[in-house]
Every structure is written in structure tokens, then in C-alpha cells.
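Chemist: Here you go, work.txt (compact mmCIF, C-alpha atoms):
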# COMPACT_ATOMS: atom_id res chain seq x y z
CA MET Z 1 -22.97 10.94 6.59
CA ARG Z 2 -21.68 13.13 3.81
CA LEU Z 3 -17.91 12.83 3.58
CA ILE Z 4 -15.13 14.03 1.32
CA LEU Z 5 -12.30 11.49 1.07
CA ALA Z 6 -9.00 13.00 -0.10
CA GLY Z 7 -5.92 11.04 -1.13
CA GLY Z 8 -4.02 10.14 -4.22
CA GLY Z 9 -0.85 9.61 -6.15
CA THR Z 10 0.24 6.14 -5.07
CA PHE Z 11 -1.66 3.05 -3.97
CA GLY Z 12 -0.42 3.73 -0.43
CA HIS Z 13 -2.90 6.62 -0.37
CA VAL Z 14 -5.60 5.30 -2.69
CA GLY Z 15 -5.81 1.76 -1.28
CA PRO Z 16 -6.79 2.75 2.27
CA LEU Z 17 -9.19 5.37 0.91
CA LEU Z 18 -11.06 2.73 -1.09
CA ALA Z 19 -11.07 0.20 1.76
CA THR Z 20 -12.44 2.82 4.16
CA ALA Z 21 -15.11 3.91 1.68
CA LYS Z 22 -16.23 0.30 1.30
CA GLU Z 23 -16.50 -0.13 5.07
CA LEU Z 24 -18.43 3.13 5.48
CA ARG Z 25 -20.90 2.07 2.80
CA ARG Z 26 -21.26 -1.35 4.39
CA ARG Z 27 -22.32 0.33 7.62
CA ASP Z 28 -24.53 2.98 6.04
CA LEU Z 29 -26.00 2.34 2.60
CA ASP Z 30 -27.11 5.98 2.49
CA ALA Z 31 -23.63 7.40 3.15
CA GLN Z 32 -22.74 10.05 0.59
CA LEU Z 33 -19.07 9.92 -0.34
CA ARG Z 34 -17.01 12.01 -2.74
CA ALA Z 35 -13.33 11.41 -3.42
CA VAL Z 36 -10.92 14.17 -4.40
CA GLY Z 37 -7.84 13.40 -6.48
CA THR Z 38 -5.76 14.39 -9.47
CA ALA Z 39 -5.85 13.26 -13.07
CA GLU Z 40 -2.26 11.97 -12.85
CA GLY Z 41 -2.49 9.64 -9.84
CA LEU Z 42 -3.71 6.07 -9.53
CA GLU Z 43 -6.98 7.40 -8.13
CA ALA Z 44 -8.00 8.57 -11.62
CA GLU Z 45 -8.37 4.91 -12.60
CA LEU Z 46 -9.09 3.10 -9.34
CA VAL Z 47 -11.64 5.39 -7.68
CA PRO Z 48 -14.23 5.40 -10.52
CA ALA Z 49 -13.66 1.65 -10.99
CA ALA Z 50 -14.74 1.20 -7.36
CA GLY Z 51 -17.99 3.05 -8.04
CA LEU Z 52 -16.95 6.18 -6.17
CA GLU Z 53 -17.37 9.65 -7.66
CA LEU Z 54 -14.01 11.41 -8.16
CA VAL Z 55 -13.61 15.18 -8.19
CA ILE Z 56 -10.44 16.16 -10.07
CA ILE Z 57 -8.31 19.09 -8.90
CA PRO Z 58 -4.88 20.25 -10.13
CA LYS Z 59 -1.79 18.51 -8.72
CA VAL Z 60 -0.28 21.09 -6.36
CA PRO Z 61 2.77 19.85 -4.44
CA LEU Z 62 4.31 22.66 -2.44
CA PRO Z 63 7.37 23.99 -4.33
CA ARG Z 64 10.66 23.14 -2.64
CA ARG Z 65 12.96 25.32 -4.76
CA PRO Z 66 12.78 28.31 -7.13
CA GLY Z 67 11.94 27.53 -10.73
CA GLY Z 68 9.21 27.36 -13.33
CA TYR Z 69 6.87 25.32 -11.16
CA ALA Z 70 7.25 27.74 -8.26
CA VAL Z 71 6.09 30.52 -10.59
CA ARG Z 72 3.05 28.49 -11.72
CA PHE Z 73 2.20 27.25 -8.23
CA PRO Z 74 0.04 30.18 -7.02
CA GLY Z 75 -2.27 29.89 -10.03
CA LEU Z 76 -2.57 26.11 -9.69
CA TRP Z 77 -3.21 26.47 -5.97
CA MET Z 78 -5.99 28.99 -6.48
CA ARG Z 79 -7.63 26.76 -9.11
CA ALA Z 80 -7.55 23.82 -6.67
CA VAL Z 81 -8.96 25.94 -3.84
CA ALA Z 82 -11.73 27.33 -6.06
CA SER Z 83 -12.74 23.80 -7.13
CA LEU Z 84 -12.83 22.67 -3.53
CA ARG Z 85 -14.90 25.65 -2.38
CA ASP Z 86 -17.40 24.87 -5.12
CA LEU Z 87 -17.48 21.25 -3.96
CA LEU Z 88 -18.13 22.26 -0.34
CA ALA Z 89 -20.92 24.62 -1.39
CA GLU Z 90 -22.59 22.00 -3.60
CA PHE Z 91 -22.03 18.87 -1.50
CA GLU Z 92 -22.22 20.31 2.06
CA PRO Z 93 -20.05 17.62 3.67
CA ASP Z 94 -20.09 16.78 7.36
CA ALA Z 95 -16.32 16.19 7.45
CA VAL Z 96 -13.17 15.59 5.42
CA VAL Z 97 -11.12 12.40 5.67
CA GLY Z 98 -7.59 12.73 4.31
CA PHE Z 99 -5.15 9.98 3.40
CA GLY Z 100 -2.19 12.13 2.36
CA GLY Z 101 -0.55 12.89 -0.94
CA TYR Z 102 -0.42 16.12 -2.90
CA VAL Z 103 -4.19 16.37 -3.11
CA ALA Z 104 -4.67 16.39 0.67
CA THR Z 105 -2.99 19.73 1.42
CA PRO Z 106 -5.51 22.05 -0.31
CA VAL Z 107 -8.39 19.89 0.93
CA TYR Z 108 -7.22 20.24 4.53
CA ARG Z 109 -6.74 24.00 4.16
CA VAL Z 110 -10.17 24.60 2.65
CA ALA Z 111 -11.85 22.33 5.23
CA ALA Z 112 -10.10 24.09 8.11
CA LYS Z 113 -11.22 27.52 6.89
CA ALA Z 114 -14.78 26.21 6.54
CA GLY Z 115 -14.71 24.85 10.11
CA LEU Z 116 -15.23 21.22 9.02
CA PRO Z 117 -13.93 18.34 11.13
CA ILE Z 118 -10.79 16.82 9.62
CA ILE Z 119 -9.89 13.17 10.11
CA VAL Z 120 -6.39 12.17 9.02
CA HIS Z 121 -5.05 8.71 8.22
CA GLU Z 122 -1.27 8.37 7.86
CA ALA Z 123 -0.08 5.17 6.21
CA ASN Z 124 3.68 5.61 6.57
CA ALA Z 125 5.81 5.44 9.68
CA ARG Z 126 7.30 8.81 8.70
CA PRO Z 127 4.40 11.17 7.91
CA GLY Z 128 4.35 13.39 4.86
CA LEU Z 129 4.05 17.16 4.82
CA ALA Z 130 0.33 17.23 4.00
CA ASN Z 131 -0.66 14.98 6.88
CA ARG Z 132 1.64 16.78 9.32
CA TRP Z 133 -0.22 19.99 8.52
CA GLY Z 134 -3.62 18.30 8.61
CA ALA Z 135 -2.98 16.43 11.86
CA ALA Z 136 -2.22 19.66 13.70
CA ARG Z 137 -5.78 20.79 12.94
CA ALA Z 138 -7.58 17.44 12.99
CA ALA Z 139 -10.45 16.19 15.09
CA ALA Z 140 -8.92 12.70 14.94
CA VAL Z 141 -5.72 11.12 13.61
CA GLY Z 142 -5.28 7.43 12.81
CA VAL Z 143 -1.93 5.85 11.96
CA ALA Z 144 -0.91 2.51 10.47
CA PHE Z 145 2.28 2.13 12.53
CA ALA Z 146 2.71 2.68 16.27
CA ARG Z 147 5.97 4.62 15.82
CA THR Z 148 4.37 7.32 13.63
CA GLU Z 149 4.72 10.69 15.35
CA LEU Z 150 1.70 12.92 14.82
CA PRO Z 151 -0.22 14.96 17.41
CA GLY Z 152 -3.13 13.02 18.88
CA ALA Z 153 -2.36 9.92 16.83
CA LYS Z 154 -4.15 6.66 17.57
CA LEU Z 155 -3.05 3.31 16.15
CA VAL Z 156 -5.75 1.98 13.80
CA GLY Z 157 -3.62 0.04 11.32
CA MET Z 158 -3.97 0.07 7.55
CA PRO Z 159 -7.45 -0.14 6.01
CA LEU Z 160 -7.21 -3.18 3.74
CA ARG Z 161 -9.58 -4.75 1.25
CA SER Z 162 -11.76 -7.31 3.00
CA GLU Z 163 -10.41 -10.10 0.75
CA LEU Z 164 -6.96 -9.45 2.22
CA ALA Z 165 -7.98 -8.63 5.76
CA ARG Z 166 -9.88 -11.91 6.13
CA LEU Z 167 -7.44 -14.12 4.21
CA ASP Z 168 -6.60 -17.48 5.79
CA ARG Z 169 -3.51 -18.56 3.88
CA ASP Z 170 -3.67 -22.19 5.00
CA VAL Z 171 -7.25 -22.58 3.81
CA SER Z 172 -6.81 -20.60 0.60
CA ARG Z 173 -3.42 -21.96 -0.50
CA PRO Z 174 -4.56 -25.00 -2.54
CA ARG Z 175 -7.12 -23.03 -4.54
CA ALA Z 176 -4.74 -20.07 -4.99
CA ARG Z 177 -1.95 -22.25 -6.35
CA GLU Z 178 -4.29 -24.07 -8.70
CA SER Z 179 -5.74 -20.79 -9.95
CA LEU Z 180 -2.29 -19.36 -10.63
CA GLY Z 181 -1.00 -22.47 -12.38
CA LEU Z 182 1.39 -23.35 -9.56
CA GLU Z 183 2.17 -26.85 -8.35
CA PRO Z 184 0.55 -27.74 -5.03
CA ASP Z 185 3.54 -28.80 -2.90
CA ARG Z 186 6.66 -26.92 -4.00
CA PRO Z 187 8.34 -24.12 -2.00
CA THR Z 188 6.87 -21.00 -3.53
CA LEU Z 189 8.47 -17.57 -3.79
CA LEU Z 190 6.48 -14.43 -4.54
CA VAL Z 191 8.40 -11.45 -5.94
CA SER Z 192 6.68 -8.09 -6.32
CA GLY Z 193 7.91 -4.54 -6.67
CA GLY Z 194 4.42 -3.07 -6.74
CA SER Z 195 2.33 -1.95 -9.70
CA LEU Z 196 5.28 -0.19 -11.34
CA GLY Z 197 7.76 -2.92 -10.49
CA ALA Z 198 11.32 -2.63 -9.19
CA ALA Z 199 14.10 -3.11 -11.73
CA ASN Z 200 16.73 -4.00 -9.13
CA LEU Z 201 14.54 -6.71 -7.60
CA ASN Z 202 13.69 -8.10 -11.03
CA GLN Z 203 17.35 -8.32 -12.04
CA ALA Z 204 18.48 -9.86 -8.77
CA ILE Z 205 15.80 -12.56 -8.87
CA VAL Z 206 16.59 -13.43 -12.48
CA ALA Z 207 20.22 -13.88 -11.41
CA VAL Z 208 19.25 -16.51 -8.81
CA ALA Z 209 16.52 -18.17 -10.88
CA GLY Z 210 18.77 -21.14 -11.69
CA PRO Z 211 19.58 -22.04 -8.06
CA LEU Z 212 15.96 -21.47 -6.99
CA LEU Z 213 14.59 -23.80 -9.65
CA ALA Z 214 17.37 -26.36 -9.07
CA ALA Z 215 16.33 -26.48 -5.42
CA GLY Z 216 12.81 -27.52 -6.49
CA ALA Z 217 11.17 -24.14 -5.87
CA GLN Z 218 8.65 -22.31 -8.00
CA VAL Z 219 8.45 -18.55 -8.46
CA LEU Z 220 5.56 -16.17 -9.02
CA HIS Z 221 7.24 -13.00 -10.26
CA LEU Z 222 5.08 -9.89 -10.59
CA THR Z 223 7.39 -7.64 -12.55
CA GLY Z 224 5.36 -4.43 -12.73
CA ARG Z 225 3.62 -3.05 -15.77
CA GLY Z 226 5.76 -3.12 -18.92
CA LYS Z 227 8.56 -5.14 -17.31
CA ALA Z 228 7.48 -8.76 -17.89
CA ALA Z 229 9.08 -9.42 -21.27
CA PRO Z 230 12.75 -8.92 -20.23
CA VAL Z 231 12.30 -11.17 -17.19
CA ALA Z 232 10.57 -13.88 -19.22
CA ARG Z 233 13.37 -13.79 -21.83
CA ALA Z 234 16.09 -13.94 -19.17
CA VAL Z 235 14.77 -17.13 -17.53
CA ARG Z 236 13.92 -18.90 -20.78
CA GLY Z 237 16.10 -21.97 -21.23
CA ILE Z 238 16.95 -22.44 -17.56
CA ASP Z 239 16.21 -25.95 -16.31
CA GLY Z 240 12.79 -25.83 -14.65
CA ALA Z 241 11.84 -22.53 -16.31
CA GLU Z 242 8.24 -23.75 -16.58
CA ARG Z 243 8.09 -23.21 -12.79
CA PHE Z 244 9.09 -19.54 -13.09
CA HIS Z 245 5.77 -17.76 -13.65
CA VAL Z 246 5.99 -14.18 -14.92
CA LEU Z 247 3.11 -11.70 -14.73
CA GLU Z 248 3.12 -7.92 -14.87
CA TYR Z 249 0.52 -7.43 -12.17
CA LEU Z 250 -2.13 -9.35 -10.30
CA GLU Z 251 -5.41 -7.68 -9.42
CA GLU Z 252 -6.28 -10.29 -6.79
CA MET Z 253 -3.13 -9.90 -4.70
CA GLU Z 254 -4.67 -12.05 -1.99
CA MET Z 255 -4.24 -15.04 -4.30
CA ALA Z 256 -0.50 -14.42 -4.56
CA LEU Z 257 -0.15 -13.95 -0.79
CA ALA Z 258 -2.07 -17.17 -0.15
CA ALA Z 259 0.01 -19.15 -2.65
CA ALA Z 260 3.44 -18.05 -1.41
CA ASP Z 261 5.67 -19.41 1.34
CA LEU Z 262 7.95 -16.38 1.21
CA ALA Z 263 7.72 -12.93 -0.40
CA VAL Z 264 10.37 -10.54 -1.68
CA GLN Z 265 8.89 -7.04 -1.79
CA ARG Z 266 9.49 -3.35 -1.36
CA ALA Z 267 8.54 -1.95 2.05
CA GLY Z 268 5.66 0.30 1.10
CA ALA Z 269 3.17 0.84 3.90
CA GLY Z 270 0.47 -1.20 2.17
CA ALA Z 271 2.75 -4.13 1.38
CA VAL Z 272 4.14 -4.28 4.92
CA SER Z 273 0.64 -4.12 6.41
CA GLU Z 274 -0.65 -6.85 4.10
CA LEU Z 275 2.26 -9.19 4.87
CA ALA Z 276 1.76 -8.76 8.61
CA CYS Z 277 -2.01 -9.15 8.40
CA VAL Z 278 -1.88 -12.46 6.50
CA GLY Z 279 1.26 -13.77 8.24
CA LEU Z 280 3.47 -14.18 5.17
CA PRO Z 281 7.25 -14.28 5.85
CA SER Z 282 9.12 -11.77 3.75
CA VAL Z 283 12.37 -10.23 2.63
CA LEU Z 284 11.81 -6.48 2.54
CA VAL Z 285 13.98 -4.31 0.29
CA PRO Z 286 13.17 -0.63 0.94
CA LEU Z 287 13.09 1.79 -1.97
CA PRO Z 288 16.43 3.63 -1.78
CA VAL Z 289 14.97 7.08 -2.49
CA GLY Z 290 12.61 9.46 -0.73
CA ASN Z 291 12.82 10.31 2.95
CA GLY Z 292 13.54 6.78 4.19
CA GLU Z 293 9.93 6.01 5.10
CA GLN Z 294 10.02 2.50 3.62
CA ARG Z 295 12.81 1.42 5.96
CA LEU Z 296 10.85 2.79 8.91
CA ASN Z 297 7.68 1.06 7.70
CA ALA Z 298 9.48 -2.28 7.98
CA VAL Z 299 10.87 -1.84 11.50
CA ASP Z 300 8.03 -3.37 13.55
CA LEU Z 301 7.68 -6.40 11.27
CA VAL Z 302 11.45 -6.98 11.19
CA GLU Z 303 11.89 -6.54 14.95
CA ALA Z 304 9.07 -9.04 15.57
CA GLY Z 305 10.93 -11.59 13.42
CA GLY Z 306 8.41 -11.72 10.59
CA ALA Z 307 10.68 -10.24 7.93
CA VAL Z 308 14.31 -9.82 6.94
CA LEU Z 309 15.40 -6.31 5.95
CA VAL Z 310 17.96 -6.00 3.12
CA GLN Z 311 19.14 -2.72 1.62
CA ASP Z 312 18.56 -2.30 -2.09
CA GLY Z 313 22.26 -2.13 -2.97
CA ASP Z 314 22.98 -5.33 -1.02
CA PHE Z 315 20.06 -7.39 -2.25
CA ALA Z 316 21.66 -9.10 -5.25
CA ASP Z 317 24.54 -10.46 -3.13
CA TRP Z 318 22.20 -11.33 -0.26
CA ALA Z 319 19.84 -13.22 -2.56
CA ALA Z 320 22.68 -15.21 -4.10
CA LYS Z 321 23.90 -16.31 -0.68
CA ASN Z 322 20.69 -16.67 1.35
CA LEU Z 323 17.45 -16.82 -0.62
CA VAL Z 324 17.40 -20.53 -1.47
CA ASP Z 325 18.25 -21.53 2.11
CA LEU Z 326 15.48 -19.34 3.54
CA LEU Z 327 12.83 -20.48 1.08
CA THR Z 328 13.60 -24.15 1.70
CA ASN Z 329 13.58 -23.88 5.52
CA PRO Z 330 9.95 -24.60 6.50
CA GLU Z 331 10.67 -24.48 10.23
CA ARG Z 332 12.08 -20.96 10.07
CA LEU Z 333 9.29 -19.81 7.75
CA ALA Z 334 6.69 -21.12 10.20
CA LEU Z 335 8.25 -19.07 13.01
CA MET Z 336 8.41 -15.99 10.78
CA ALA Z 337 4.75 -16.42 9.80
CA GLU Z 338 3.67 -16.50 13.44
CA ALA Z 339 5.82 -13.45 14.21
CA ALA Z 340 4.36 -11.53 11.27
CA ARG Z 341 0.80 -12.20 12.39
CA SER Z 342 1.66 -10.92 15.87
CA VAL Z 343 2.01 -7.36 14.53
CA GLY Z 344 -0.75 -7.53 11.91
CA ILE Z 345 -3.94 -5.48 12.24
CA PRO Z 346 -6.69 -7.08 10.15
CA ASP Z 347 -9.46 -4.64 11.10
CA GLY Z 348 -7.86 -1.33 10.10
CA ALA Z 349 -10.83 -0.30 7.95
CA GLU Z 350 -13.24 -0.95 10.81
CA ARG Z 351 -11.07 0.96 13.30
CA LEU Z 352 -10.79 3.98 11.02
CA ALA Z 353 -14.52 3.93 10.29
CA ASP Z 354 -15.15 3.93 14.06
CA MET Z 355 -12.85 6.94 14.41
CA ILE Z 356 -14.68 8.79 11.62
CA GLU Z 357 -18.10 8.10 13.13
CA GLN Z 358 -16.93 9.33 16.53
CA ALA Z 359 -15.50 12.53 15.05
CA VAL Z 360 -18.49 13.45 12.86
CA PRO Z 361 -21.29 15.26 14.69
CA GLY Z 362 -24.55 13.33 14.58
CA ALA Z 363 -23.06 10.28 12.83
Starting from the coordinates I provided, produce the structure as C-alpha cells.
Modeler:
Amino acid sequence: MRLILAGGGTFGHVGPLLATAKELRRRDLDAQLRAVGTAEGLEAELVPAAGLELVIIPKVPLPRRPGGYAVRFPGLWMRAVASLRDLLAEFEPDAVVGFGGYVATPVYRVAAKAGLPIIVHEANARPGLANRWGAARAAAVGVAFARTELPGAKLVGMPLRSELARLDRDVSRPRARESLGLEPDRPTLLVSGGSLGAANLNQAIVAVAGPLLAAGAQVLHLTGRGKAAPVARAVRGIDGAERFHVLEYLEEMEMALAAADLAVQRAGAGAVSELACVGLPSVLVPLPVGNGEQRLNAVDLVEAGGAVLVQDGDFADWAAKNLVDLLTNPERLALMAEAARSVGIPDGAERLADMIEQAVPGA
């Protein structure tokens, strides 16, 4: 197969693209894959690091209001389209697989005009504009959440890295805690706001660090890039501060998920899918901006009983009143872990690869 994979901006688009590419190459060592992205998104760093060729096009979100960008948009759009036409002529792909984001819209439009099959994967419960347009013209549409409304959608789950998809937390926990410098038998809280971090989560957890540590817990706090120093300073001097571990980011997120008994995280599509897949109880705090997709991403996991949903503005008060009790309640955490696993889909990459193979002529 010769495929163009389009997606970028956030890890919610780039992560499933990379996991799917890895699965396609596992099945067919001769598969020819090209990724399309922008110079500004995470794909500019992560795609080449994964050994996948990246074709850069201009970032061309559709303008939503009059202004300077709206004036520049036609020129940027034509540059993106010209680059993509050159790519199609040189690479001669069998199909396009899109994962959403700004980069997907021109890719879908050029592919549709060229008569190429389009396969769409939508990670969020509420689909974005690019994937709504692409899905209406797609040969196949896969979604990560059952409640996602797109024409012809089939539930495939989220393509995850194999290290996460196959993680057995019970087996991996001792090694993960040792590797991360955590004690083997203490209640362990993981806090993560994603690669960029979440200031509100960081501040709220710092405020309850004393009670958490006094209760005998330990904390692995992934602050986001550039945000570790203020958190480390704020907990310094608290009794038990040696058990409050501060890192900006962790490449091997599976280690953190294996080590933890409970996670506090945003409700991005990738995070929700990972928590369900590995069966880690969580407190989900949706990002309070955007179109509300993070709250919708959390619904299935929360309704199953695998997570607690707390609004961003309420989280500091909620944490002060409830976090210690939840973290130190192993019986409730065990029930939440089982509930989380009940909605997890560990083989999302395999399901999407199956869908691609079925949609591509001669695959």
C-alpha cells in the first residue's frame, strides 16, 4: 500500500496517526507511508522521530471572522493545495487516511478531487470541522467513541502505542515504581495535564500536597514543559516532600499509568482512551475552553463508573474535600478499575488498520 496519513496540531491527532502507521508497517514491511503536517504542530517533531517522512504544508484553518488572516487565507490555501497536488503526482498514493486537525481539510479536498479513497479517524466525541467534511466523502469512517456522530461511522477505538495497549498494570507496577523512584506500597497519585501542562491542575494539587503526603500517599506530578520549577518550589519544605515527585513530562507514559493507583488528568481523547484501556481509575477535569469536546470524551468512562468528572472551576474545592479519601480507598479504586476496563478498546490500531485495508482497492 501507498498511503498518505494526514493529521497534526495536538497529540490527539498525531498519536493515533503514529500508532496506525506502526501497525500498518508491522503488517506490511513494504508499505509506503507519507505523513502530511505543519511546521507548527507536534507532528514536526514526533513524526520524523518515529522514522516517518513528513511533508510540510502551510497551516490553513478556515477563517471564522473577517481580519488579516482572512485576507491571507486564499494564498495560504492555494500554496497548501499546490504542495499536495505535487505530492499526489510524485507519490501516487492508493488512499488518504485523515486524523483531523487543520492539515486534514486541504488533504481531504485534494484527495476527493483526485478520486482517491478517504478514510477518516475521529478521536473526539464531538467531531471537528475537517473530519465532518471528510466523513461526508469518505470510503470509511472510524471513531474512538460510540457517541460520535458522523455519517457511516464505525467504532474502532483509539489507536494507541503497543506499549500502552498491551499494558498489564498489575504485572508492570513493581518495575514501574522502582524505575520512577517511587516506593513500592504507598497509595500513588498521578497528575498530568498533558505535554503543555494545566496550570489550574498544578495549583490545585500543590494546595492539597500536605494532606496527601500526611495520609501516606506519594505523588507523581507531570507538570507540563516549563512548569516544573514553580511546583517543586511550592512543595519544598512540606513534611514528606521527598514523596512528591515532579517531572515536566514522561516519554514512557505507560510507566506512569502502571505505577499509579489513581490519575488526575484532562479529558483529551487520548488520555481518556488510555485510562480506559489500562483500567486506571481517574478524576477527569475537562479543559474549560473549545467546543466542549473534552467533557463529551469523558461521558462513557464516567457513566461506566471508571472516572469522576469535575469541572475545572470546581476542582480545587473538590480536591481539598475528596481527593485524599478517594486515593486511600482501595476497594472503591478496584471497582473503578474494573469499570474503566469495561469500556476500554485495546486494539484500536488493529481495528483501524483493518478498516484501511478493506477500503483500499487491492490491499
Chemist: Which polymer residues, whether protein, DNA or RNA, lie within 8 Å of the coordinate (0.5, 10.9, -6.5) when you count all atoms listed in the file? List them as a ChimeraX atom specification, using the chain letters and numbers from the file.
Modeler: /Z:8-10,38,40-42,101-103
Chemist: To one decimal in Å, tell me the separation between atom CA of Gly313 of chain Z and atom CA of Asn329 of chain Z.
Modeler: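 Distance reported for this atom pair: 24.9 Å.
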Chemist: Mind pulling up the distance from atom CA of Pro346 of chain Z to atom CA of Ser273 of chain Z?
Modeler: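 One can read the atom CA of Ser273 of chain Z to atom CA of Pro346 of chain Z distance as 8.7 Å.
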Chemist: How many Å lie between atom CA of Ala21 of chain Z and atom CA of Ala50 of chain Z, rounded to one decimal?
Modeler: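 According to the coordinates, atom CA of Ala21 of chain Z and atom CA of Ala50 of chain Z are separated by 9.4 Å.
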Chemist: Under the rule that only C-alpha atoms are counted, which of Z:Arg64, Z:Arg243, Z:Arg295, Z:His13 is the nearest residue to Leu180 of chain Z?
Modeler: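 Smallest distance to Leu180 of chain Z is found for Z:Arg243.
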Chemist: Please determine, counting only C-alpha atoms, which residue among Z:Val171, Z:Met1, Z:Ala153, Z:Ala260 has the shortest atom-to-atom distance to Val96 of chain Z.
Modeler: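 Of Z:Val171, Z:Met1, Z:Ala153, Z:Ala260, the one nearest Val96 of chain Z, counting only C-alpha atoms, is Z:Met1.
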Chemist: I'd like a table as CSV: residues in segment 283-322 of chain Z with an atom no more than 8 Å from segment 120-137 of chain Z, each row giving the shortest atom pair and its distance in Å to one decimal, only C-alpha atoms counted, sorted by chain and rising residue number.
Modeler:
residue,atom,partner,partner_atom,distance
Z:Gly292,CA,Z:Arg126,CA,8.0
Z:Glu293,CA,Z:Arg126,CA,5.3
Z:Gln294,CA,Z:Asn124,CA,7.7
Z:Leu296,CA,Z:Ala125,CA,5.7
Z:Asn297,CA,Z:Ala125,CA,5.2
Chemist: For the point (8.2, -0.9, 13.0) in file coordinates, what residues are within 12 Å, counting all atoms listed in the file? Give the answer as a ChimeraX atom specification?
Modeler: /Z:124-126,144-148,157,267,269,272-273,276,293-307,309,340,343-344
Chemist: Emit the selected residues as a compact mmCIF listing (two decimals), in the frame of the given file, including C-alpha atoms.
Modeler:
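Resulting contents of out_2.txt:
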# COMPACT_ATOMS: atom_id res chain seq x y z
CA ASN Z 124 3.68 5.61 6.57
CA ALA Z 125 5.81 5.44 9.68
CA ARG Z 126 7.30 8.81 8.70
CA ALA Z 144 -0.91 2.51 10.47
CA PHE Z 145 2.28 2.13 12.53
CA ALA Z 146 2.71 2.68 16.27
CA ARG Z 147 5.97 4.62 15.82
CA THR Z 148 4.37 7.32 13.63
CA GLY Z 157 -3.62 0.04 11.32
CA ALA Z 267 8.54 -1.95 2.05
CA ALA Z 269 3.17 0.84 3.90
CA VAL Z 272 4.14 -4.28 4.92
CA SER Z 273 0.64 -4.12 6.41
CA ALA Z 276 1.76 -8.76 8.61
CA GLU Z 293 9.93 6.01 5.10
CA GLN Z 294 10.02 2.50 3.62
CA ARG Z 295 12.81 1.42 5.96
CA LEU Z 296 10.85 2.79 8.91
CA ASN Z 297 7.68 1.06 7.70
CA ALA Z 298 9.48 -2.28 7.98
CA VAL Z 299 10.87 -1.84 11.50
CA ASP Z 300 8.03 -3.37 13.55
CA LEU Z 301 7.68 -6.40 11.27
CA VAL Z 302 11.45 -6.98 11.19
CA GLU Z 303 11.89 -6.54 14.95
CA ALA Z 304 9.07 -9.04 15.57
CA GLY Z 305 10.93 -11.59 13.42
CA GLY Z 306 8.41 -11.72 10.59
CA ALA Z 307 10.68 -10.24 7.93
CA LEU Z 309 15.40 -6.31 5.95
CA ALA Z 340 4.36 -11.53 11.27
CA VAL Z 343 2.01 -7.36 14.53
CA GLY Z 344 -0.75 -7.53 11.91
Chemist: Hey, what's within 9 Å of Gln32 of chain Z if we count all atoms listed in the file and toss same-chain stuff fewer than 3 positions away? As a tab-separated table (two decimals) with C-alpha atoms, in the coordinates of the input, please?
Modeler:
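selection_7.tsv, freshly written:
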chain	number	residue	atom	x	y	z
Z	1	MET	CA	-22.97	10.94	6.59
Z	2	ARG	CA	-21.68	13.13	3.81
Z	3	LEU	CA	-17.91	12.83	3.58
Z	4	ILE	CA	-15.13	14.03	1.32
Z	25	ARG	CA	-20.90	2.07	2.80
Z	29	LEU	CA	-26.00	2.34	2.60
Z	93	PRO	CA	-20.05	17.62	3.67
Chemist: Write out, as a Markdown table, each residue of segment 250-302 of chain Z that has an atom at most 10 Å from segment 323-326 of chain Z, together with the closest pair of atoms and their distance in Å to one decimal, counting all atoms listed in the file, rows going by chain and rising number.
Modeler:
| residue | atom | partner | partner_atom | distance |
| --- | --- | --- | --- | --- |
| Z:Leu262 | CA | Z:Leu326 | CA | 8.4 |
| Z:Val264 | CA | Z:Leu323 | CA | 9.5 |
| Z:Pro281 | CA | Z:Leu326 | CA | 9.9 |
| Z:Ser282 | CA | Z:Leu326 | CA | 9.9 |
| Z:Val283 | CA | Z:Leu323 | CA | 8.9 |
Chemist: Counting all atoms listed in the file, which of Z:Glu251, Z:Val208, Z:Ala263, Z:Leu213 gets nearest to Trp318 of chain Z?
Modeler: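 Selected residue with least distance to Trp318 of chain Z: Z:Val208.
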Chemist: Which residue, Z:Glu242, Z:Asp30, Z:Glu248, Z:Glu254, has the smallest gap to Ser179 of chain Z when you use all atoms listed in the file?
Modeler: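 With all atoms listed in the file as the atom set, the closest residue is Z:Glu254.
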Chemist: Applying 10 Å and only C-alpha atoms, which residues near Pro159 of chain Z remain after dropping the ones on its own chain fewer than 2 positions away? List them as an mmCIF file with C-alpha atoms, keeping the file's coordinate frame.
Modeler:
data_model
loop_
_atom_site.group_PDB
_atom_site.id
_atom_site.type_symbol
_atom_site.label_atom_id
_atom_site.label_comp_id
_atom_site.auth_asym_id
_atom_site.auth_seq_id
_atom_site.Cartn_x
_atom_site.Cartn_y
_atom_site.Cartn_z
ATOM 1 C CA GLY Z 15 -5.810 1.760 -1.280
ATOM 2 C CA PRO Z 16 -6.790 2.750 2.270
ATOM 3 C CA LEU Z 17 -9.190 5.370 0.910
ATOM 4 C CA LEU Z 18 -11.060 2.730 -1.090
ATOM 5 C CA ALA Z 19 -11.070 0.200 1.760
ATOM 6 C CA THR Z 20 -12.440 2.820 4.160
ATOM 7 C CA ALA Z 21 -15.110 3.910 1.680
ATOM 8 C CA LYS Z 22 -16.230 0.300 1.300
ATOM 9 C CA GLU Z 23 -16.500 -0.130 5.070
ATOM 10 C CA HIS Z 121 -5.050 8.710 8.220
ATOM 11 C CA ALA Z 123 -0.080 5.170 6.210
ATOM 12 C CA ALA Z 144 -0.910 2.510 10.470
ATOM 13 C CA VAL Z 156 -5.750 1.980 13.800
ATOM 14 C CA GLY Z 157 -3.620 0.040 11.320
ATOM 15 C CA ARG Z 161 -9.580 -4.750 1.250
ATOM 16 C CA SER Z 162 -11.760 -7.310 3.000
ATOM 17 C CA ALA Z 165 -7.980 -8.630 5.760
ATOM 18 C CA GLY Z 270 0.470 -1.200 2.170
ATOM 19 C CA SER Z 273 0.640 -4.120 6.410
ATOM 20 C CA GLU Z 274 -0.650 -6.850 4.100
ATOM 21 C CA ILE Z 345 -3.940 -5.480 12.240
ATOM 22 C CA PRO Z 346 -6.690 -7.080 10.150
ATOM 23 C CA ASP Z 347 -9.460 -4.640 11.100
ATOM 24 C CA GLY Z 348 -7.860 -1.330 10.100
ATOM 25 C CA ALA Z 349 -10.830 -0.300 7.950
ATOM 26 C CA GLU Z 350 -13.240 -0.950 10.810
ATOM 27 C CA ARG Z 351 -11.070 0.960 13.300
ATOM 28 C CA LEU Z 352 -10.790 3.980 11.020
ATOM 29 C CA ALA Z 353 -14.520 3.930 10.290
#
